[in-house]
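Colleague: Okay, so here is my_file25.cif, and as you'll see once you scroll down, it has mmCIF, C-alpha atoms and all ligand atoms.
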```cif
data_input
loop_
_atom_site.label_atom_id
_atom_site.label_comp_id
_atom_site.auth_asym_id
_atom_site.auth_seq_id
_atom_site.Cartn_x
_atom_site.Cartn_y
_atom_site.Cartn_z
CA MET A 1 117.02 78.28 106.41
CA ASP A 2 119.60 78.28 109.22
CA GLY A 3 119.00 78.08 112.96
CA ASN A 4 116.63 75.13 113.32
CA GLY A 5 119.03 73.21 115.55
CA ARG A 6 119.63 76.14 117.92
CA TRP A 7 115.93 76.93 118.06
CA ALA A 8 115.21 73.36 119.17
CA LYS A 9 118.13 73.25 121.62
CA LYS A 10 116.86 76.38 123.37
CA ARG A 11 113.67 74.40 124.03
CA PHE A 12 115.53 71.24 125.14
CA MET A 13 114.19 69.46 122.08
CA PRO A 14 115.99 67.32 119.46
CA ARG A 15 117.34 69.13 116.39
CA VAL A 16 114.84 67.37 114.14
CA PHE A 17 112.05 69.13 116.05
CA GLY A 18 113.59 72.41 114.89
CA HIS A 19 113.59 71.18 111.28
CA LYS A 20 109.93 70.20 111.66
CA GLN A 21 109.10 73.75 112.79
CA GLY A 22 111.29 74.88 109.89
CA VAL A 23 108.88 73.26 107.44
CA ASP A 24 106.01 75.31 108.94
CA ALA A 25 108.13 78.46 108.63
CA LEU A 26 108.77 77.57 105.00
CA VAL A 27 105.07 77.12 104.22
CA ARG A 28 104.35 80.47 105.95
CA THR A 29 107.09 82.20 104.00
CA VAL A 30 106.00 80.80 100.64
CA LYS A 31 102.54 82.25 101.26
CA ALA A 32 103.97 85.60 102.40
CA CYS A 33 106.12 85.77 99.25
CA ALA A 34 103.21 84.88 96.96
CA ASP A 35 100.98 87.46 98.68
CA ARG A 36 103.64 90.12 97.96
CA GLY A 37 103.89 89.20 94.29
CA ILE A 38 107.27 87.48 94.54
CA GLU A 39 107.37 84.95 91.73
CA TYR A 40 110.44 82.92 92.63
CA LEU A 41 111.63 81.65 95.99
CA THR A 42 114.57 79.27 96.32
CA VAL A 43 115.41 77.64 99.65
CA PHE A 44 118.37 75.59 100.86
CA ALA A 45 116.87 72.54 102.54
CA PHE A 46 119.75 70.02 102.42
CA SER A 47 123.28 70.69 101.26
CA SER A 48 125.71 68.21 99.68
CA GLU A 49 127.69 68.63 102.93
CA ASN A 50 124.74 67.88 105.27
CA TRP A 51 125.38 64.12 104.90
CA LYS A 52 128.14 64.70 107.49
CA ARG A 53 125.51 65.31 110.18
CA PRO A 54 124.63 62.56 112.71
CA GLU A 55 122.76 59.69 111.11
CA ASP A 56 119.57 60.29 113.12
CA GLU A 57 119.43 63.92 111.96
CA VAL A 58 119.97 62.95 108.31
CA SER A 59 117.29 60.26 108.47
CA GLY A 60 115.03 62.70 110.35
CA LEU A 61 115.40 65.27 107.56
CA MET A 62 114.70 62.64 104.89
CA GLY A 63 111.62 61.48 106.81
CA LEU A 64 110.51 65.08 107.05
CA VAL A 65 110.43 65.34 103.26
CA LEU A 66 107.84 62.55 103.17
CA VAL A 67 105.80 64.09 106.01
CA ALA A 68 106.00 67.60 104.52
CA VAL A 69 104.92 66.45 101.06
CA SER A 70 101.97 64.46 102.39
CA LYS A 71 100.94 67.25 104.82
CA TYR A 72 101.37 70.34 102.65
CA LEU A 73 101.36 69.38 98.96
CA THR A 74 97.61 69.80 98.45
CA LYS A 75 97.61 73.18 100.22
CA LEU A 76 100.62 74.50 98.28
CA ALA A 77 99.21 73.20 94.98
CA SER A 78 95.86 74.93 95.64
CA GLU A 79 97.66 78.20 96.40
CA GLY A 80 99.28 78.27 92.96
CA VAL A 81 102.75 77.16 94.06
CA ARG A 82 104.92 75.36 91.55
CA ILE A 83 107.53 73.16 93.23
CA ARG A 84 110.88 72.39 91.59
CA ILE A 85 113.63 70.36 93.21
CA VAL A 86 117.23 71.27 92.46
CA GLY A 87 120.13 69.04 93.45
CA ASP A 88 121.55 65.58 92.97
CA ARG A 89 118.62 63.22 93.28
CA SER A 90 120.69 60.13 92.52
CA ALA A 91 121.94 59.90 96.12
CA VAL A 92 118.58 60.11 97.89
CA SER A 93 116.36 57.13 98.64
CA GLU A 94 113.73 55.89 96.21
CA LYS A 95 110.99 57.06 98.62
CA VAL A 96 112.33 60.62 98.86
CA ARG A 97 112.85 60.74 95.09
CA ALA A 98 109.26 59.60 94.54
CA ALA A 99 107.95 62.28 96.96
CA TRP A 100 109.86 65.02 95.15
CA ASN A 101 108.71 63.73 91.76
CA GLU A 102 105.12 63.76 92.98
CA ALA A 103 105.50 67.33 94.35
CA GLU A 104 106.78 68.48 90.95
CA ARG A 105 104.15 66.59 88.99
CA ALA A 106 101.21 67.79 91.10
CA THR A 107 102.23 71.46 90.83
CA ALA A 108 103.63 71.57 87.28
CA HIS A 109 100.65 73.61 86.03
CA ASN A 110 100.99 76.37 88.66
CA HIS A 111 102.40 79.83 87.92
CA ARG A 112 101.77 82.10 90.93
CA ILE A 113 105.11 81.39 92.59
CA THR A 114 107.88 78.89 91.84
CA LEU A 115 109.37 77.36 94.97
CA SER A 116 112.72 75.76 94.18
CA VAL A 117 113.89 73.46 96.95
CA ALA A 118 117.63 72.87 96.90
CA PHE A 119 118.08 69.35 98.21
CA ASN A 120 121.39 67.49 98.14
CA TYR A 121 122.57 70.64 96.42
CA GLY A 122 125.83 72.56 96.42
CA GLY A 123 126.76 75.62 94.37
CA ARG A 124 130.01 74.01 93.25
CA TRP A 125 128.23 70.77 92.38
CA ASP A 126 125.90 72.82 90.18
CA VAL A 127 128.74 74.49 88.26
CA VAL A 128 130.43 71.11 87.68
CA GLN A 129 127.24 69.33 86.60
CA ALA A 130 126.43 72.20 84.23
CA CYS A 131 129.91 71.95 82.63
CA ARG A 132 129.56 68.19 82.32
CA ARG A 133 126.16 68.48 80.65
CA ALA A 134 127.41 71.19 78.30
CA ILE A 135 130.28 68.93 77.22
CA GLU A 136 127.88 65.98 76.82
CA ALA A 137 125.66 68.19 74.64
CA GLY A 138 128.66 68.68 72.36
CA LEU A 139 129.30 72.39 72.98
CA SER A 140 132.74 73.55 71.90
CA ALA A 141 134.90 75.81 74.07
CA GLU A 142 134.12 78.71 71.68
CA GLN A 143 130.37 78.16 71.95
CA LEU A 144 130.43 78.24 75.76
CA ASP A 145 129.66 81.58 77.35
CA GLU A 146 127.82 82.68 80.50
CA ALA A 147 124.37 82.50 78.92
CA ARG A 148 124.96 79.05 77.40
CA LEU A 149 126.38 77.61 80.61
CA GLY A 150 123.50 79.17 82.55
CA GLN A 151 121.10 77.03 80.51
CA PHE A 152 122.65 73.93 82.02
CA MET A 153 122.54 75.12 85.62
CA ALA A 154 120.03 73.47 87.95
CA LEU A 155 118.17 76.77 88.35
CA SER A 156 117.92 77.61 84.66
CA HIS A 157 114.13 77.89 85.13
CA ALA A 158 114.49 80.88 87.47
CA PRO A 159 115.99 84.36 87.12
CA ASP A 160 119.02 85.17 89.27
CA PRO A 161 117.86 86.10 92.78
CA ASP A 162 117.48 89.81 93.59
CA LEU A 163 117.70 89.13 97.31
CA PHE A 164 119.61 86.45 99.22
CA ILE A 165 118.48 85.98 102.84
CA ARG A 166 120.36 83.93 105.41
CA THR A 167 118.82 83.42 108.82
CA GLY A 168 120.53 82.19 111.99
CA GLY A 169 123.23 84.83 112.35
CA GLU A 170 126.02 83.33 110.23
CA VAL A 171 127.45 85.71 107.64
CA ARG A 172 128.46 83.43 104.80
CA ILE A 173 127.07 81.84 101.66
CA SER A 174 127.99 78.22 102.52
CA ASN A 175 128.03 76.89 98.96
CA PHE A 176 124.48 78.00 98.11
CA LEU A 177 123.75 79.66 94.75
CA LEU A 178 127.35 80.55 93.92
CA TRP A 179 126.80 81.25 90.23
CA GLN A 180 123.43 82.95 90.64
CA VAL A 181 124.23 85.38 93.49
CA ALA A 182 126.76 87.39 91.47
CA TYR A 183 124.65 90.56 91.81
CA SER A 184 122.16 89.57 94.51
CA GLU A 185 121.71 91.80 97.50
CA LEU A 186 122.79 89.88 100.61
CA TYR A 187 120.78 90.10 103.83
CA PHE A 188 121.76 88.40 107.06
CA THR A 189 119.52 88.21 110.11
CA ASP A 190 119.93 86.71 113.59
CA CYS A 191 116.34 85.44 113.40
CA LEU A 192 116.37 81.63 113.68
CA TRP A 193 114.58 80.03 110.74
CA PRO A 194 111.63 78.53 112.71
CA GLU A 195 110.75 82.10 113.77
CA PHE A 196 110.89 83.52 110.24
CA GLY A 197 107.65 84.76 108.70
CA ALA A 198 105.89 87.72 107.09
CA ALA A 199 107.31 90.36 109.48
CA GLU A 200 110.92 89.22 108.96
CA LEU A 201 110.35 89.01 105.21
CA ASP A 202 109.03 92.57 105.20
CA ALA A 203 112.09 93.75 107.15
CA ALA A 204 114.35 92.12 104.55
CA LEU A 205 112.34 93.64 101.69
CA ALA A 206 112.49 97.11 103.29
CA THR A 207 116.27 96.84 103.51
CA PHE A 208 116.42 95.61 99.93
CA ALA A 209 114.35 98.60 98.77
CA ARG A 210 117.00 100.96 100.19
CA ARG A 211 119.91 99.28 98.42
CA ASP A 212 121.56 101.00 95.48
CA ARG A 213 121.97 98.38 92.76
CA ARG A 214 124.44 99.17 90.00
CA PHE A 215 125.34 95.76 88.55
CA GLY A 216 128.90 96.97 88.00
CA GLY A 217 127.72 100.13 86.22
CA VAL A 218 126.70 103.56 87.49
CA LYS A 219 123.36 104.80 88.81
CA THR A 220 120.68 105.31 86.16
CA GLU A 221 120.47 109.08 86.91
CA GLU A 222 124.26 109.44 86.66
CA ALA A 223 124.28 107.60 83.34
CA ALA A 224 121.48 109.89 82.09
CA GLY A 225 123.45 112.93 83.29
CA GLN A 226 126.57 111.78 81.49
CA ALA A 227 124.66 111.19 78.27
CA ALA A 228 123.06 114.68 78.40
C1 LIG B 301 120.05 74.51 108.92
O1 LIG B 301 119.81 74.71 110.30
C2 LIG B 301 118.92 73.84 108.35
C3 LIG B 301 118.97 72.66 107.69
C4 LIG B 301 120.21 71.90 107.45
C5 LIG B 301 117.76 72.03 107.19
C6 LIG B 301 116.70 72.97 106.73
C7 LIG B 301 115.51 72.17 106.47
C8 LIG B 301 114.26 72.55 106.71
C9 LIG B 301 113.80 73.87 107.18
C10 LIG B 301 113.23 71.57 106.45
C11 LIG B 301 112.88 71.65 105.01
C12 LIG B 301 112.33 70.39 104.63
C13 LIG B 301 111.67 70.22 103.50
C14 LIG B 301 110.92 69.00 103.36
C15 LIG B 301 111.63 71.23 102.43
P1 LIG B 301 120.81 74.05 111.32
O2 LIG B 301 120.37 72.68 111.62
O3 LIG B 301 122.20 74.13 110.79
O4 LIG B 301 120.64 74.96 112.58
P2 LIG B 301 121.76 75.38 113.62
O5 LIG B 301 122.73 76.26 112.85
O6 LIG B 301 121.00 76.13 114.64
O7 LIG B 301 122.40 74.14 114.14
#
```
Would you mind writing the structure in this file as C-alpha cells?
Modeller:
Amino acid sequence: MDGNGRWAKKRFMPRVFGHKQGVDALVRTVKACADRGIEYLTVFAFSSENWKRPEDEVSGLMGLVLVAVSKYLTKLASEGVRIRIVGDRSAVSEKVRAAWNEAERATAHNHRITLSVAFNYGGRWDVVQACRRAIEAGLSAEQLDEARLGQFMALSHAPDPDLFIRTGGEVRISNFLLWQVAYSELYFTDCLWPEFGAAELDAALATFARRDRRFGGVKTEEAAGQAA
C-alpha cells in the first residue's frame, strides 16, 4: 500500500494523514475484492524495516491501528471479513497487540473474505521463523520439504497469491511475501495508495486476466497437443 506519504505531501499535509486516508482505501478495497468473489487479500501495512521511520510517523501508524480497529471492525465483521494478522507481534505495544487480537477474535467466524494484515512483517523474517518453528517441532532435515515448511509460514492459512499489486510507482517487492510470490503475477501501478479503489482493482484484474500463466510448465493446450 505504497504512496501514502507522497499523497499527503502533495496536499501539504503530514505523512500520517496519508496513512489515515490509506485505511479508508483499504476498507474500500476489501469491499471491492469481496464483491468480486476474491476470497483472500493480504496487505503490507507495516514492515520490519518501517521502524526506521521518524518516531512521530511510527507512533502515528501505531495509533492508526487503534483508530482503524475501533472505527471499522464492526463494519468489516458484518460484511463477512475475517481478519488475520501476520508478523512479529512481540515487538508491538500491548495496546496494539490487544487491538489486533480483538480484530481476529471478532471476525474468526467469517468466511466471505480473509484479510491478512502484514504488520511488523518481513518476507525474510517469515522464512526464518518458519525454519525455527519447524526445528522446534522436531522435524528432521529429511522430513522438511516445501509443503512442510509452508505449514509453518505466517500465511499458511492462505493460498499463494495469484496477483501481487504494488501501488506508488516503485517496481520492487521490498521484502513482502518472498516465499509466496514464486508464481504470482506482478502488477505495478503509479496510483498512490490513498487513491486506490474499485476502478484500479478492476484495471489490475483485467491485466491479470490477459497473463499467460505456466507455472514453469507449458500452456494447457500445448500439453494437450503433445499428448495427442
Ligand atoms: C507506504 O507508503 C505505506 C506504509 C508504510 C503504511 C501503510 C499503512 C496503511 C495504509 C495504514 C494501514 C493501517 C492499518 C491499521 C491496517 P509510504 O509512506 O512509503 O508512501 P511514500 O512512498 O509516498 O512515502
Colleague: Give me the residues within 12 Å of Trp51 (chain A) as a list in words, counting all atoms listed in the file and dropping any in the same chain fewer than 2 places off.
Modeller: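 Non-adjacent residues within range: Phe46, Ser47, Ser48, Glu49, Arg53, Pro54, Glu55, Asp56, Glu57, Val58, Ser59, Gly60, Leu61, Met62, Ala91, Val92, Phe119, Asn120, Tyr121 and Gly122 of chain A.
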Colleague: Could you write out that same residue set with C-alpha atoms as a PDB file, in the frame of the given file?
Modeller:
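Contents of result.pdb, as written:
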```
ATOM      1  CA  PHE A  46     119.750  70.020 102.420  1.00  0.00           C
ATOM      2  CA  SER A  47     123.280  70.690 101.260  1.00  0.00           C
ATOM      3  CA  SER A  48     125.710  68.210  99.680  1.00  0.00           C
ATOM      4  CA  GLU A  49     127.690  68.630 102.930  1.00  0.00           C
ATOM      5  CA  ARG A  53     125.510  65.310 110.180  1.00  0.00           C
ATOM      6  CA  PRO A  54     124.630  62.560 112.710  1.00  0.00           C
ATOM      7  CA  GLU A  55     122.760  59.690 111.110  1.00  0.00           C
ATOM      8  CA  ASP A  56     119.570  60.290 113.120  1.00  0.00           C
ATOM      9  CA  GLU A  57     119.430  63.920 111.960  1.00  0.00           C
ATOM     10  CA  VAL A  58     119.970  62.950 108.310  1.00  0.00           C
ATOM     11  CA  SER A  59     117.290  60.260 108.470  1.00  0.00           C
ATOM     12  CA  GLY A  60     115.030  62.700 110.350  1.00  0.00           C
ATOM     13  CA  LEU A  61     115.400  65.270 107.560  1.00  0.00           C
ATOM     14  CA  MET A  62     114.700  62.640 104.890  1.00  0.00           C
ATOM     15  CA  ALA A  91     121.940  59.900  96.120  1.00  0.00           C
ATOM     16  CA  VAL A  92     118.580  60.110  97.890  1.00  0.00           C
ATOM     17  CA  PHE A 119     118.080  69.350  98.210  1.00  0.00           C
ATOM     18  CA  ASN A 120     121.390  67.490  98.140  1.00  0.00           C
ATOM     19  CA  TYR A 121     122.570  70.640  96.420  1.00  0.00           C
ATOM     20  CA  GLY A 122     125.830  72.560  96.420  1.00  0.00           C
TER      21      GLY A 122
END
```
Colleague: How close does each residue of chain A get to ligand LIG 301 (chain B), giving the shortest atom pair and distance in Å to one decimal for every residue with an atom at most 6 Å away, counting all atoms listed in the file, sorted by chain and residue number, as CSV?
Modeller:
```
residue,atom,partner,partner_atom,distance
A:Met1,CA,B:LIG301,C2,5.2
A:Asp2,CA,B:LIG301,O1,3.7
A:Gly3,CA,B:LIG301,O6,3.3
A:Asn4,CA,B:LIG301,O4,4.1
A:Gly5,CA,B:LIG301,O6,3.6
A:Arg6,CA,B:LIG301,O6,3.6
A:His19,CA,B:LIG301,C8,4.8
A:Gly22,CA,B:LIG301,C9,3.8
A:Val23,CA,B:LIG301,C10,4.8
A:Ala45,CA,B:LIG301,C7,4.2
A:Phe46,CA,B:LIG301,C4,5.4
A:Leu64,CA,B:LIG301,C14,5.4
A:Val65,CA,B:LIG301,C14,3.7
A:Ala68,CA,B:LIG301,C14,5.2
```
Colleague: Suppose you want the space between CA of Lys71 (chain A) and CA of Gly37 (chain A); what is it in Å?
Modeller: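 Atom-to-atom, CA of Lys71 (chain A) and CA of Gly37 (chain A) are spaced 24.5 Å apart.
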Colleague: Between A:Ala99, A:Leu139, A:Leu178, A:Ala158, which is the closest to Arg124 (chain A) once you count only C-alpha atoms?
Modeller: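 Closest to Arg124 (chain A), using only C-alpha atoms: A:Leu178.
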Colleague: For Leu205 (chain A), please output as a CSV table (one decimal) with C-alpha atoms, in the frame of the given file all residues within 12 Å (counting only C-alpha atoms; exclusion window: fewer than 4 positions along the same chain).
Modeller:
```csv
chain,number,residue,atom,x,y,z
A,32,ALA,CA,104.0,85.6,102.4
A,33,CYS,CA,106.1,85.8,99.2
A,36,ARG,CA,103.6,90.1,98.0
A,38,ILE,CA,107.3,87.5,94.5
A,162,ASP,CA,117.5,89.8,93.6
A,163,LEU,CA,117.7,89.1,97.3
A,164,PHE,CA,119.6,86.4,99.2
A,165,ILE,CA,118.5,86.0,102.8
A,185,GLU,CA,121.7,91.8,97.5
A,186,LEU,CA,122.8,89.9,100.6
A,187,TYR,CA,120.8,90.1,103.8
A,198,ALA,CA,105.9,87.7,107.1
A,199,ALA,CA,107.3,90.4,109.5
A,200,GLU,CA,110.9,89.2,109.0
A,201,LEU,CA,110.4,89.0,105.2
A,209,ALA,CA,114.4,98.6,98.8
A,210,ARG,CA,117.0,101.0,100.2
A,211,ARG,CA,119.9,99.3,98.4
```
Colleague: Can you report as JSON the centre and edge lengths in Å, to one decimal, of an axis-aligned box around the listed atoms of region 206-219 of chain A padded with 5 Å on each side?
Modeller:
```
{"center_x": 120.7, "center_y": 100.2, "center_z": 94.9, "size_x": 26.4, "size_y": 19.2, "size_z": 27.3}
```
Colleague: Go through A:Leu41, A:Val67, A:Ala98, A:Ala141 and flag the residue nearest Arg82 (chain A), using all atoms listed in the file for the distances.
Modeller: A:Leu41
Colleague: Any idea what the distance is between CA of Gln151 (chain A) and CA of Val127 (chain A)?
Modeller: 11.2 Å
Colleague: Which residue, A:His109, A:Arg148, A:Lys75, A:Arg133, has the smallest gap to Val30 (chain A) when you use all atoms listed in the file?
Modeller: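 Ranking A:His109, A:Arg148, A:Lys75, A:Arg133 by distance to Val30 (chain A), first place goes to A:Lys75.
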Colleague: Please compute the CA of Ile113 (chain A)-CA of Gly80 (chain A) distance, one decimal, in Å.
Modeller: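 It comes out at 6.6 Å.
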Colleague: Please identify all polymer residues within 7 Å of Met153 (chain A), counting only C-alpha atoms, omitting same-chain residues fewer than 4 positions from it, and present them as a list in words.
Modeller: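 Selected residues are Asp126, Val127, Ala130 and Leu149 of chain A.
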Colleague: From the set A:Ser93, A:Gln143, A:Thr207, A:Ser78, which residue has the shortest atom-to-atom contact distance to Arg112 (chain A), counting only C-alpha atoms?
Modeller: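 Looking only at the distances to Arg112 (chain A), the closest residue turns out to be A:Ser78.
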Colleague: Here is a test: counting all atoms listed in the file, which residue of A:Arg89, A:Arg214, A:Arg97, A:Lys10 is nearest to Gly63 (chain A)?
Modeller: A:Arg97
Colleague: If we count only C-alpha atoms and set the cut-off at 7 Å, which residues sit around Val86 (chain A), ignoring sequence neighbours fewer than 6 positions away in its own chain? Please answer as a short mmCIF file (atom, residue, chain, number, x, y, z; two decimals) with C-alpha atoms, in the frame of the given file.
Modeller:
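Now in around_27.cif:
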```cif
data_model
loop_
_atom_site.label_atom_id
_atom_site.label_comp_id
_atom_site.auth_asym_id
_atom_site.auth_seq_id
_atom_site.Cartn_x
_atom_site.Cartn_y
_atom_site.Cartn_z
CA SER A 116 112.72 75.76 94.18
CA VAL A 117 113.89 73.46 96.95
CA ALA A 118 117.63 72.87 96.90
CA PHE A 119 118.08 69.35 98.21
CA TYR A 121 122.57 70.64 96.42
CA ALA A 154 120.03 73.47 87.95
CA LEU A 155 118.17 76.77 88.35
#
```
Colleague: For a quick check of understanding, using all atoms listed in the file, which of A:Phe152, A:Asn110, A:Asn101, A:Glu39 has the smallest distance to Ala137 (chain A)?
Modeller: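 Ranked by minimum distance to Ala137 (chain A), first place goes to A:Phe152.
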Colleague: How about completing region 27-37 of chain A with all heavy atoms and giving it to me as a PDB file, in the coordinates of the input?
Modeller:
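Final output, rebuild_28.pdb:
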```pdb
ATOM      1  N   VAL A  27     106.415  77.014 104.803  1.00  0.00           N
ATOM      2  CA  VAL A  27     105.070  77.120 104.220  1.00  0.00           C
ATOM      3  C   VAL A  27     104.523  78.542 104.423  1.00  0.00           C
ATOM      4  O   VAL A  27     103.954  79.147 103.512  1.00  0.00           O
ATOM      5  CB  VAL A  27     104.136  76.033 104.813  1.00  0.00           C
ATOM      6  CG1 VAL A  27     102.697  76.233 104.365  1.00  0.00           C
ATOM      7  CG2 VAL A  27     104.636  74.652 104.412  1.00  0.00           C
ATOM      8  N   ARG A  28     104.746  79.092 105.634  1.00  0.00           N
ATOM      9  CA  ARG A  28     104.350  80.470 105.950  1.00  0.00           C
ATOM     10  C   ARG A  28     105.017  81.472 105.012  1.00  0.00           C
ATOM     11  O   ARG A  28     104.397  82.389 104.490  1.00  0.00           O
ATOM     12  CB  ARG A  28     104.886  80.773 107.351  1.00  0.00           C
ATOM     13  CG  ARG A  28     103.908  81.135 108.355  1.00  0.00           C
ATOM     14  CD  ARG A  28     104.412  81.445 109.732  1.00  0.00           C
ATOM     15  NE  ARG A  28     105.780  81.500 110.132  1.00  0.00           N
ATOM     16  CZ  ARG A  28     106.349  80.662 110.998  1.00  0.00           C
ATOM     17  NH1 ARG A  28     105.675  79.653 111.493  1.00  0.00           N
ATOM     18  NH2 ARG A  28     107.605  80.829 111.352  1.00  0.00           N
ATOM     19  N   THR A  29     106.303  81.246 104.797  1.00  0.00           N
ATOM     20  CA  THR A  29     107.090  82.200 104.000  1.00  0.00           C
ATOM     21  C   THR A  29     106.717  82.128 102.524  1.00  0.00           C
ATOM     22  O   THR A  29     106.690  83.151 101.836  1.00  0.00           O
ATOM     23  CB  THR A  29     108.600  81.934 104.220  1.00  0.00           C
ATOM     24  OG1 THR A  29     108.857  82.018 105.625  1.00  0.00           O
ATOM     25  CG2 THR A  29     109.460  82.941 103.487  1.00  0.00           C
ATOM     26  N   VAL A  30     106.422  80.933 102.044  1.00  0.00           N
ATOM     27  CA  VAL A  30     106.000  80.800 100.640  1.00  0.00           C
ATOM     28  C   VAL A  30     104.732  81.625 100.430  1.00  0.00           C
ATOM     29  O   VAL A  30     104.613  82.389  99.464  1.00  0.00           O
ATOM     30  CB  VAL A  30     105.736  79.316 100.263  1.00  0.00           C
ATOM     31  CG1 VAL A  30     105.155  79.209  98.863  1.00  0.00           C
ATOM     32  CG2 VAL A  30     107.005  78.508 100.362  1.00  0.00           C
ATOM     33  N   LYS A  31     103.796  81.509 101.377  1.00  0.00           N
ATOM     34  CA  LYS A  31     102.540  82.250 101.260  1.00  0.00           C
ATOM     35  C   LYS A  31     102.804  83.754 101.319  1.00  0.00           C
ATOM     36  O   LYS A  31     102.269  84.526 100.511  1.00  0.00           O
ATOM     37  CB  LYS A  31     101.567  81.830 102.372  1.00  0.00           C
ATOM     38  CG  LYS A  31     100.230  82.521 102.251  1.00  0.00           C
ATOM     39  CD  LYS A  31      99.234  82.070 103.280  1.00  0.00           C
ATOM     40  CE  LYS A  31      97.865  82.722 103.145  1.00  0.00           C
ATOM     41  NZ  LYS A  31      97.794  84.043 102.575  1.00  0.00           N
ATOM     42  N   ALA A  32     103.653  84.167 102.260  1.00  0.00           N
ATOM     43  CA  ALA A  32     103.970  85.600 102.400  1.00  0.00           C
ATOM     44  C   ALA A  32     104.608  86.128 101.110  1.00  0.00           C
ATOM     45  O   ALA A  32     104.293  87.238 100.663  1.00  0.00           O
ATOM     46  CB  ALA A  32     104.889  85.823 103.595  1.00  0.00           C
ATOM     47  N   CYS A  33     105.486  85.339 100.510  1.00  0.00           N
ATOM     48  CA  CYS A  33     106.120  85.770  99.250  1.00  0.00           C
ATOM     49  C   CYS A  33     105.068  85.890  98.149  1.00  0.00           C
ATOM     50  O   CYS A  33     105.013  86.899  97.432  1.00  0.00           O
ATOM     51  CB  CYS A  33     107.203  84.777  98.831  1.00  0.00           C
ATOM     52  SG  CYS A  33     108.698  84.892  99.813  1.00  0.00           S
ATOM     53  N   ALA A  34     104.237  84.861  98.012  1.00  0.00           N
ATOM     54  CA  ALA A  34     103.210  84.880  96.960  1.00  0.00           C
ATOM     55  C   ALA A  34     102.275  86.068  97.152  1.00  0.00           C
ATOM     56  O   ALA A  34     101.940  86.765  96.185  1.00  0.00           O
ATOM     57  CB  ALA A  34     102.434  83.558  96.969  1.00  0.00           C
ATOM     58  N   ASP A  35     101.888  86.336  98.395  1.00  0.00           N
ATOM     59  CA  ASP A  35     100.980  87.460  98.680  1.00  0.00           C
ATOM     60  C   ASP A  35     101.609  88.801  98.300  1.00  0.00           C
ATOM     61  O   ASP A  35     100.903  89.779  98.051  1.00  0.00           O
ATOM     62  CB  ASP A  35     100.625  87.511 100.175  1.00  0.00           C
ATOM     63  CG  ASP A  35      99.676  86.382 100.560  1.00  0.00           C
ATOM     64  OD1 ASP A  35      99.129  85.721  99.655  1.00  0.00           O
ATOM     65  OD2 ASP A  35      99.503  86.153 101.778  1.00  0.00           O
ATOM     66  N   ARG A  36     102.947  88.859  98.301  1.00  0.00           N
ATOM     67  CA  ARG A  36     103.640  90.120  97.960  1.00  0.00           C
ATOM     68  C   ARG A  36     104.055  90.164  96.485  1.00  0.00           C
ATOM     69  O   ARG A  36     104.804  91.047  96.069  1.00  0.00           O
ATOM     70  CB  ARG A  36     104.867  90.285  98.864  1.00  0.00           C
ATOM     71  CG  ARG A  36     104.474  90.702 100.284  1.00  0.00           C
ATOM     72  CD  ARG A  36     105.498  90.310 101.326  1.00  0.00           C
ATOM     73  NE  ARG A  36     105.029  90.668 102.668  1.00  0.00           N
ATOM     74  CZ  ARG A  36     104.060  90.010 103.338  1.00  0.00           C
ATOM     75  NH1 ARG A  36     103.452  88.964 102.790  1.00  0.00           N
ATOM     76  NH2 ARG A  36     103.697  90.403 104.543  1.00  0.00           N
ATOM     77  N   GLY A  37     103.610  89.188  95.725  1.00  0.00           N
ATOM     78  CA  GLY A  37     103.890  89.200  94.290  1.00  0.00           C
ATOM     79  C   GLY A  37     105.274  88.698  93.901  1.00  0.00           C
ATOM     80  O   GLY A  37     105.710  88.861  92.760  1.00  0.00           O
TER      81      GLY A  37
END
```
